[in-house]
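Notes follow once the structure below has been shown.
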Amino acid sequence: MTLGEIKEKALAAIAKAQNLKDLEAVKNEFLGRQDGELTTILRSLKDMPPEEKRETGTAANALRGEIESAMKSRLGVLGAGSSSSRLDITRPGEKVRVGHLHPLTLMENRIKEIFLGLNFSIVEGPEVESEHYNFDALNIPPNHPARDMWDTFWLPAQYKDKDSRQLLRTHTSPMQIRYMETHQPPFQIIVPGRVFRFEATDASHEVNFHQVEGLMVGPDVNLANFKYVISEFFNQLLNQKTDIRLRPSYFPFVEPGLEVDIKWKGKWLEVMGAGMVHPNVFDAVKYNPQQVKGFAFGMGLERLAMIKYKIDDIRLFYSGDLRFVDQF
Ligand code: FA5
């Protein structure tokens, strides 16, 4: 091969090389120690007449430099493209998305923690309930006008429990009955859980939301006890001394019935229904209303979370929008 042919072939092969192995092959073919094409020419210099020796020698050495620098720059191009061949420990790492708890779960956990501290136990009940527990035993017999307070999702007629129709519970109050049927006072419990109402949704109403029921029963439980427990609860939940106000209200399963307001950012906000357990409810669970007294309350978890975290639309909780949930 002449120097011209070597130059042409070597540079073409370098340009085509796709990886380190290709470049090694080019190096071997032309600059290899044993029988590389250019090496052979360089080695034959010593047998040449002085004039030719000088000319060929200069040209061959120049060509060697040219081939070497072409290989070097090709190596740079290939190296930059293949990340596996380089480890740059100064590059920023890839961020791993870490999951976290939903604001409603955070709220429920905090509420449980506070009530555990006040010596309450936590119990849970079924979301599919019978008419008996959701209404009748709570002093809301069929055709009672108070049934209109709870727009109800009824299950199809074939799902009957004994003689009682089935429904999606409209509140957590049925657990008052279930718990008292199987336990004797004194006790104090809370019942967190999901409830359902066949209502139109808007910024403060959902079809599916959560309540926390409370029930304390014993020989001398009274409204002052209720007021203490609930004040203590809000002081801890909102991390500040919170004014509360009790207003007369009506729920068939309590007498007297109350609505509880808290003062928050200068405004009174309604946060829960409550009252002293109605004697008819004690009758339904075979307690003697002459011997035991109790208070009960029921609060909306979403509404409390909206107050605490300044959320203005209840529908955000179930939107699945990461821009919302990532803030908690
Ligand atoms: C009840 O459900 C009663 N069981 C509460 C109760 C328990 C009273 C024990 C007395 C004794 P009410 O329908 O008002 O009451 O609902 C209670 C709370 O649930 C409300 O204060 C509100 O915070 C929340 N709530 C009611 N409807 C909705 C809704 N559609 N969306 C979100 N939260 C709601």
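All residue names refer to the structure tokens as shown: chains lettered A, B, ... in order, residues numbered from 1 in each chain, ligands numbered from 1 in order.
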
Per-residue nearest contacts chain A to ligand 1, cut-off 9 Å, using only C-alpha atoms and all ligand atoms, as CSV:
```
residue,atom,partner,partner_atom_place_in_ligand_line,distance
A:Met149,CA,ligand 1,13 (O),6.7
A:Trp150,CA,ligand 1,13 (O),6.7
A:Thr170,CA,ligand 1,2 (O),6.9
A:His171,CA,ligand 1,2 (O),4.7
A:Thr172,CA,ligand 1,4 (N),6.3
A:Ser173,CA,ligand 1,4 (N),5.1
A:Pro174,CA,ligand 1,4 (N),8.4
A:Gln176,CA,ligand 1,9 (C),8.6
A:Val195,CA,ligand 1,2 (O),8.9
A:Phe196,CA,ligand 1,30 (N),8.0
A:Arg197,CA,ligand 1,30 (N),6.3
A:Phe198,CA,ligand 1,30 (N),8.4
A:Glu199,CA,ligand 1,30 (N),6.6
A:Ala200,CA,ligand 1,30 (N),8.0
A:Thr201,CA,ligand 1,30 (N),7.1
A:Asp202,CA,ligand 1,30 (N),8.5
A:Ala203,CA,ligand 1,31 (N),8.9
A:Ser204,CA,ligand 1,31 (N),5.9
A:His205,CA,ligand 1,31 (N),3.5
A:Glu206,CA,ligand 1,31 (N),4.1
A:Val207,CA,ligand 1,30 (N),5.7
A:Asn208,CA,ligand 1,31 (N),7.0
A:Phe209,CA,ligand 1,32 (C),5.4
A:His210,CA,ligand 1,33 (N),7.1
A:Gln211,CA,ligand 1,19 (O),6.0
A:Val212,CA,ligand 1,19 (O),8.5
A:Glu213,CA,ligand 1,7 (C),6.1
A:Gly214,CA,ligand 1,9 (C),7.0
A:Leu215,CA,ligand 1,9 (C),7.7
A:Tyr250,CA,ligand 1,10 (C),8.1
A:Phe251,CA,ligand 1,10 (C),5.8
A:Pro252,CA,ligand 1,10 (C),8.2
A:Phe253,CA,ligand 1,11 (C),6.7
A:Val254,CA,ligand 1,10 (C),6.0
A:Gly257,CA,ligand 1,10 (C),6.5
A:Leu258,CA,ligand 1,10 (C),7.1
A:Glu259,CA,ligand 1,8 (C),7.9
A:Val260,CA,ligand 1,21 (O),8.3
A:Glu270,CA,ligand 1,21 (O),6.5
A:Val271,CA,ligand 1,21 (O),4.9
A:Met272,CA,ligand 1,21 (O),3.9
A:Gly273,CA,ligand 1,8 (C),3.8
A:Ala274,CA,ligand 1,10 (C),3.5
A:Gly275,CA,ligand 1,10 (C),5.3
A:Met276,CA,ligand 1,11 (C),7.6
A:Val277,CA,ligand 1,11 (C),7.4
A:Phe295,CA,ligand 1,11 (C),7.5
A:Ala296,CA,ligand 1,11 (C),4.5
A:Phe297,CA,ligand 1,9 (C),3.6
A:Gly298,CA,ligand 1,7 (C),3.7
A:Met299,CA,ligand 1,18 (C),4.4
A:Gly300,CA,ligand 1,23 (O),3.4
A:Leu301,CA,ligand 1,23 (O),6.8
A:Glu302,CA,ligand 1,33 (N),6.2
A:Arg303,CA,ligand 1,23 (O),5.2
A:Leu304,CA,ligand 1,23 (O),7.3
A:Ile314,CA,ligand 1,32 (C),7.3
```

Report as a tab-separated table the residues of range 147-176 of chain A within 7 Å of range 129-133 of chain A, each with its shortest atom pair and distance in Å (one decimal), using only C-alpha atoms, ordered by chain and increasing residue number.
```
residue	atom	partner	partner_atom	distance
A:Asp161	CA	A:Ser130	CA	6.5
A:Ser164	CA	A:Glu131	CA	5.5
A:Arg165	CA	A:Glu131	CA	5.4
A:Gln166	CA	A:Ser130	CA	4.4
A:Leu167	CA	A:Glu129	CA	5.5
A:Leu168	CA	A:Glu129	CA	5.9
A:Arg169	CA	A:Glu129	CA	5.5
A:Pro174	CA	A:Tyr133	CA	4.9
```

Writing out the chosen residues with N, CA, C and O atoms as a PDB file, in the first residue's frame:
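Output contents, as saved in part_22.pdb:
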```
ATOM      1  N   ASP A 161     -81.694  -7.510  55.424  1.00  0.00           N
ATOM      2  CA  ASP A 161     -81.045  -8.089  56.580  1.00  0.00           C
ATOM      3  C   ASP A 161     -82.169  -8.334  57.581  1.00  0.00           C
ATOM      4  O   ASP A 161     -82.698  -7.386  58.133  1.00  0.00           O
ATOM      5  N   SER A 164     -85.026  -5.900  57.760  1.00  0.00           N
ATOM      6  CA  SER A 164     -84.597  -4.528  57.590  1.00  0.00           C
ATOM      7  C   SER A 164     -83.979  -4.312  56.214  1.00  0.00           C
ATOM      8  O   SER A 164     -83.146  -5.105  55.776  1.00  0.00           O
ATOM      9  N   ARG A 165     -84.381  -3.240  55.540  1.00  0.00           N
ATOM     10  CA  ARG A 165     -83.769  -2.915  54.256  1.00  0.00           C
ATOM     11  C   ARG A 165     -82.328  -2.475  54.489  1.00  0.00           C
ATOM     12  O   ARG A 165     -81.969  -2.029  55.566  1.00  0.00           O
ATOM     13  N   GLN A 166     -81.487  -2.590  53.444  1.00  0.00           N
ATOM     14  CA  GLN A 166     -80.081  -2.204  53.567  1.00  0.00           C
ATOM     15  C   GLN A 166     -79.828  -0.867  52.862  1.00  0.00           C
ATOM     16  O   GLN A 166     -80.495  -0.544  51.877  1.00  0.00           O
ATOM     17  N   LEU A 167     -78.850  -0.156  53.345  1.00  0.00           N
ATOM     18  CA  LEU A 167     -78.529   1.151  52.769  1.00  0.00           C
ATOM     19  C   LEU A 167     -77.047   1.446  52.979  1.00  0.00           C
ATOM     20  O   LEU A 167     -76.344   0.718  53.681  1.00  0.00           O
ATOM     21  N   LEU A 168     -76.552   2.490  52.332  1.00  0.00           N
ATOM     22  CA  LEU A 168     -75.209   2.976  52.641  1.00  0.00           C
ATOM     23  C   LEU A 168     -75.374   3.936  53.806  1.00  0.00           C
ATOM     24  O   LEU A 168     -76.179   4.872  53.722  1.00  0.00           O
ATOM     25  N   ARG A 169     -74.667   3.711  54.897  1.00  0.00           N
ATOM     26  CA  ARG A 169     -74.920   4.507  56.105  1.00  0.00           C
ATOM     27  C   ARG A 169     -74.801   6.006  55.799  1.00  0.00           C
ATOM     28  O   ARG A 169     -73.891   6.431  55.097  1.00  0.00           O
ATOM     29  N   PRO A 174     -75.067   4.890  63.609  1.00  0.00           N
ATOM     30  CA  PRO A 174     -75.478   3.492  63.856  1.00  0.00           C
ATOM     31  C   PRO A 174     -74.497   2.735  64.757  1.00  0.00           C
ATOM     32  O   PRO A 174     -74.896   1.798  65.458  1.00  0.00           O
TER      33      PRO A 174
END
```

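Taking CA of Glu68 in chain A as the reference point, CA of Leu31 in chain A is found at 9.0 Å.
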
| Secondary structure check, strand (DSSP E or B) residues of range 68-262 of chain A, as a ChimeraX atom specification | /A:121-122,128-130,154,160-161,164-168,187-196,202,205,208-218,244-249,254-262

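The interatomic distance for the pair CA of Gly320 in chain A and CA of Gly99 in chain A works out to 13.4 Å.
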
| remark: Shortest contact to Asn288 in chain A, candidates A:Gly57, A:Gly218, A:Gly193, A:Gly93, atoms counted only C-alpha atoms, goes to A:Gly218

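Closest approach to Leu138 in chain A from the set A:Ile6, A:Met216, A:Ala284, A:Ala70 is made by A:Ala284, with distances taken over only C-alpha atoms.
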
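The space separating CA of Val292 in chain A from CA of Phe234 in chain A comes to 26.6 Å.
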
| request: Select from range 18-251 of chain A everything DSSP, run on the backbone, classes as helix (DSSP H, G or I), then give the selection as a ChimeraX atom specification. | output: /A:20-31,37-47,50-81,83-85,103-117,131-134,136-138,145-149,174-182,223-237

| task | Identify, on the basis of only C-alpha atoms, every residue whose closest approach to Pro185 in chain A does not exceed 12 Å; exclude the query and any residue fewer than 5 positions from it along the same chain; express the result as a PyMOL selection string. | result | chain A and resi 179-180+215-221+282+285-289+291-294

Atoms kept (N, CA and C atoms) for selection, written as a PDB file, in the first residue's frame:
```pdb
ATOM      1  N   TYR A 179     -72.397  -0.649  69.269  1.00  0.00           N
ATOM      2  CA  TYR A 179     -71.442  -0.736  70.368  1.00  0.00           C
ATOM      3  C   TYR A 179     -72.164  -0.974  71.688  1.00  0.00           C
ATOM      4  N   MET A 180     -73.279  -0.245  71.908  1.00  0.00           N
ATOM      5  CA  MET A 180     -73.977  -0.407  73.195  1.00  0.00           C
ATOM      6  C   MET A 180     -74.637  -1.777  73.319  1.00  0.00           C
ATOM      7  N   LEU A 215     -69.065   8.962  71.541  1.00  0.00           N
ATOM      8  CA  LEU A 215     -70.101   8.538  72.490  1.00  0.00           C
ATOM      9  C   LEU A 215     -69.449   8.252  73.831  1.00  0.00           C
ATOM     10  N   MET A 216     -69.980   8.910  74.867  1.00  0.00           N
ATOM     11  CA  MET A 216     -69.479   8.638  76.210  1.00  0.00           C
ATOM     12  C   MET A 216     -70.682   8.344  77.089  1.00  0.00           C
ATOM     13  N   VAL A 217     -70.670   7.182  77.756  1.00  0.00           N
ATOM     14  CA  VAL A 217     -71.812   6.778  78.576  1.00  0.00           C
ATOM     15  C   VAL A 217     -71.327   6.325  79.950  1.00  0.00           C
ATOM     16  N   GLY A 218     -72.051   6.751  80.981  1.00  0.00           N
ATOM     17  CA  GLY A 218     -71.692   6.358  82.346  1.00  0.00           C
ATOM     18  C   GLY A 218     -72.777   6.829  83.291  1.00  0.00           C
ATOM     19  N   PRO A 219     -72.596   6.577  84.600  1.00  0.00           N
ATOM     20  CA  PRO A 219     -73.649   6.937  85.552  1.00  0.00           C
ATOM     21  C   PRO A 219     -73.905   8.445  85.648  1.00  0.00           C
ATOM     22  N   ASP A 220     -72.874   9.273  85.585  1.00  0.00           N
ATOM     23  CA  ASP A 220     -73.130  10.716  85.746  1.00  0.00           C
ATOM     24  C   ASP A 220     -72.573  11.561  84.627  1.00  0.00           C
ATOM     25  N   VAL A 221     -72.629  11.072  83.404  1.00  0.00           N
ATOM     26  CA  VAL A 221     -72.106  11.873  82.301  1.00  0.00           C
ATOM     27  C   VAL A 221     -73.082  13.023  82.019  1.00  0.00           C
ATOM     28  N   PHE A 282     -81.402   4.481  74.570  1.00  0.00           N
ATOM     29  CA  PHE A 282     -80.996   3.552  75.643  1.00  0.00           C
ATOM     30  C   PHE A 282     -81.974   2.388  75.734  1.00  0.00           C
ATOM     31  N   VAL A 285     -81.225  -0.364  73.256  1.00  0.00           N
ATOM     32  CA  VAL A 285     -80.081  -1.253  73.515  1.00  0.00           C
ATOM     33  C   VAL A 285     -80.178  -1.881  74.902  1.00  0.00           C
ATOM     34  N   LYS A 286     -81.371  -1.771  75.496  1.00  0.00           N
ATOM     35  CA  LYS A 286     -81.667  -2.387  76.798  1.00  0.00           C
ATOM     36  C   LYS A 286     -80.792  -1.847  77.930  1.00  0.00           C
ATOM     37  N   TYR A 287     -80.454  -0.571  77.867  1.00  0.00           N
ATOM     38  CA  TYR A 287     -79.860   0.109  79.015  1.00  0.00           C
ATOM     39  C   TYR A 287     -81.010   0.751  79.781  1.00  0.00           C
ATOM     40  N   ASN A 288     -80.823   0.961  81.087  1.00  0.00           N
ATOM     41  CA  ASN A 288     -81.837   1.652  81.869  1.00  0.00           C
ATOM     42  C   ASN A 288     -81.564   3.158  81.868  1.00  0.00           C
ATOM     43  N   PRO A 289     -82.422   3.959  81.193  1.00  0.00           N
ATOM     44  CA  PRO A 289     -82.171   5.408  81.088  1.00  0.00           C
ATOM     45  C   PRO A 289     -82.175   6.107  82.439  1.00  0.00           C
ATOM     46  N   GLN A 291     -80.525   4.939  84.951  1.00  0.00           N
ATOM     47  CA  GLN A 291     -79.232   4.668  85.594  1.00  0.00           C
ATOM     48  C   GLN A 291     -78.018   5.167  84.819  1.00  0.00           C
ATOM     49  N   VAL A 292     -78.167   5.335  83.513  1.00  0.00           N
ATOM     50  CA  VAL A 292     -77.001   5.827  82.752  1.00  0.00           C
ATOM     51  C   VAL A 292     -77.361   7.062  81.948  1.00  0.00           C
ATOM     52  N   LYS A 293     -76.357   7.869  81.726  1.00  0.00           N
ATOM     53  CA  LYS A 293     -76.496   9.065  80.904  1.00  0.00           C
ATOM     54  C   LYS A 293     -75.338   9.047  79.906  1.00  0.00           C
ATOM     55  N   GLY A 294     -75.509   9.809  78.825  1.00  0.00           N
ATOM     56  CA  GLY A 294     -74.392   9.849  77.863  1.00  0.00           C
ATOM     57  C   GLY A 294     -74.479  11.045  76.948  1.00  0.00           C
TER      58      GLY A 294
END
```

| Selected residue, from A:Arg86, A:Leu3, A:Ile244, A:Asn28, that lies nearest to Thr58 in chain A when counting only C-alpha atoms | A:Leu3

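Within the 12 Å cut-off around Lys72 in chain A, using only C-alpha atoms and omitting residues fewer than 3 positions from it on the same chain, the listed residues are Leu11, Ile14, Ala15, Ala17, Leu20, Leu23, Glu24, Lys27, Gly65, Glu66, Ile67, Glu68, Ser69, Leu75, Gly76, Val77, Leu78 and Gly79 of chain A.
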
Selection from above, N, CA and C atoms, as a short mmCIF file (atom, residue, chain, number, x, y, z; two decimals), in the first residue's frame, can you write it?
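What landed in selection-v2.cif:
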```cif
data_model
loop_
_atom_site.label_atom_id
_atom_site.label_comp_id
_atom_site.auth_asym_id
_atom_site.auth_seq_id
_atom_site.Cartn_x
_atom_site.Cartn_y
_atom_site.Cartn_z
N LEU A 11 -8.37 6.82 7.34
CA LEU A 11 -9.29 7.88 7.76
C LEU A 11 -10.75 7.46 7.54
N ILE A 14 -11.68 5.09 10.33
CA ILE A 14 -11.87 5.79 11.62
C ILE A 14 -13.23 6.48 11.64
N ALA A 15 -13.58 7.12 10.53
CA ALA A 15 -14.86 7.82 10.48
C ALA A 15 -16.03 6.85 10.65
N ALA A 17 -15.92 4.02 12.41
CA ALA A 17 -15.86 3.27 13.68
C ALA A 17 -17.02 3.66 14.61
N LEU A 20 -15.13 1.51 20.61
CA LEU A 20 -13.72 1.36 20.95
C LEU A 20 -13.08 0.19 20.20
N LEU A 23 -12.17 1.03 16.69
CA LEU A 23 -10.98 1.87 16.64
C LEU A 23 -9.72 1.05 16.88
N GLU A 24 -9.81 0.08 17.80
CA GLU A 24 -8.67 -0.81 18.08
C GLU A 24 -8.27 -1.54 16.81
N LYS A 27 -6.44 0.71 14.47
CA LYS A 27 -5.08 0.93 14.98
C LYS A 27 -4.17 -0.26 14.64
N GLY A 65 0.97 10.76 12.71
CA GLY A 65 0.38 11.78 13.58
C GLY A 65 -1.07 12.06 13.20
N GLU A 66 -1.31 12.12 11.89
CA GLU A 66 -2.66 12.44 11.41
C GLU A 66 -3.65 11.33 11.82
N ILE A 67 -3.21 10.09 11.62
CA ILE A 67 -4.10 8.96 11.97
C ILE A 67 -4.37 8.94 13.48
N GLU A 68 -3.32 9.16 14.25
CA GLU A 68 -3.50 9.13 15.71
C GLU A 68 -4.46 10.23 16.17
N SER A 69 -4.33 11.42 15.60
CA SER A 69 -5.22 12.48 16.09
C SER A 69 -6.66 12.26 15.60
N LEU A 75 -12.66 9.04 19.14
CA LEU A 75 -12.88 8.47 20.47
C LEU A 75 -13.68 9.44 21.35
N GLY A 76 -13.35 10.73 21.22
CA GLY A 76 -14.08 11.75 22.00
C GLY A 76 -15.55 11.76 21.64
N VAL A 77 -15.85 11.70 20.33
CA VAL A 77 -17.24 11.71 19.88
C VAL A 77 -17.98 10.48 20.40
N LEU A 78 -17.35 9.31 20.26
CA LEU A 78 -18.02 8.08 20.71
C LEU A 78 -18.20 8.07 22.22
N GLY A 79 -17.21 8.52 22.93
CA GLY A 79 -17.27 8.53 24.40
C GLY A 79 -18.39 9.41 24.92
#
```

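Of the listed residues (A:Leu155, A:Pro248, A:Lys310, A:Glu55), A:Lys310 comes nearest to Gln327 in chain A; the distances count only C-alpha atoms.
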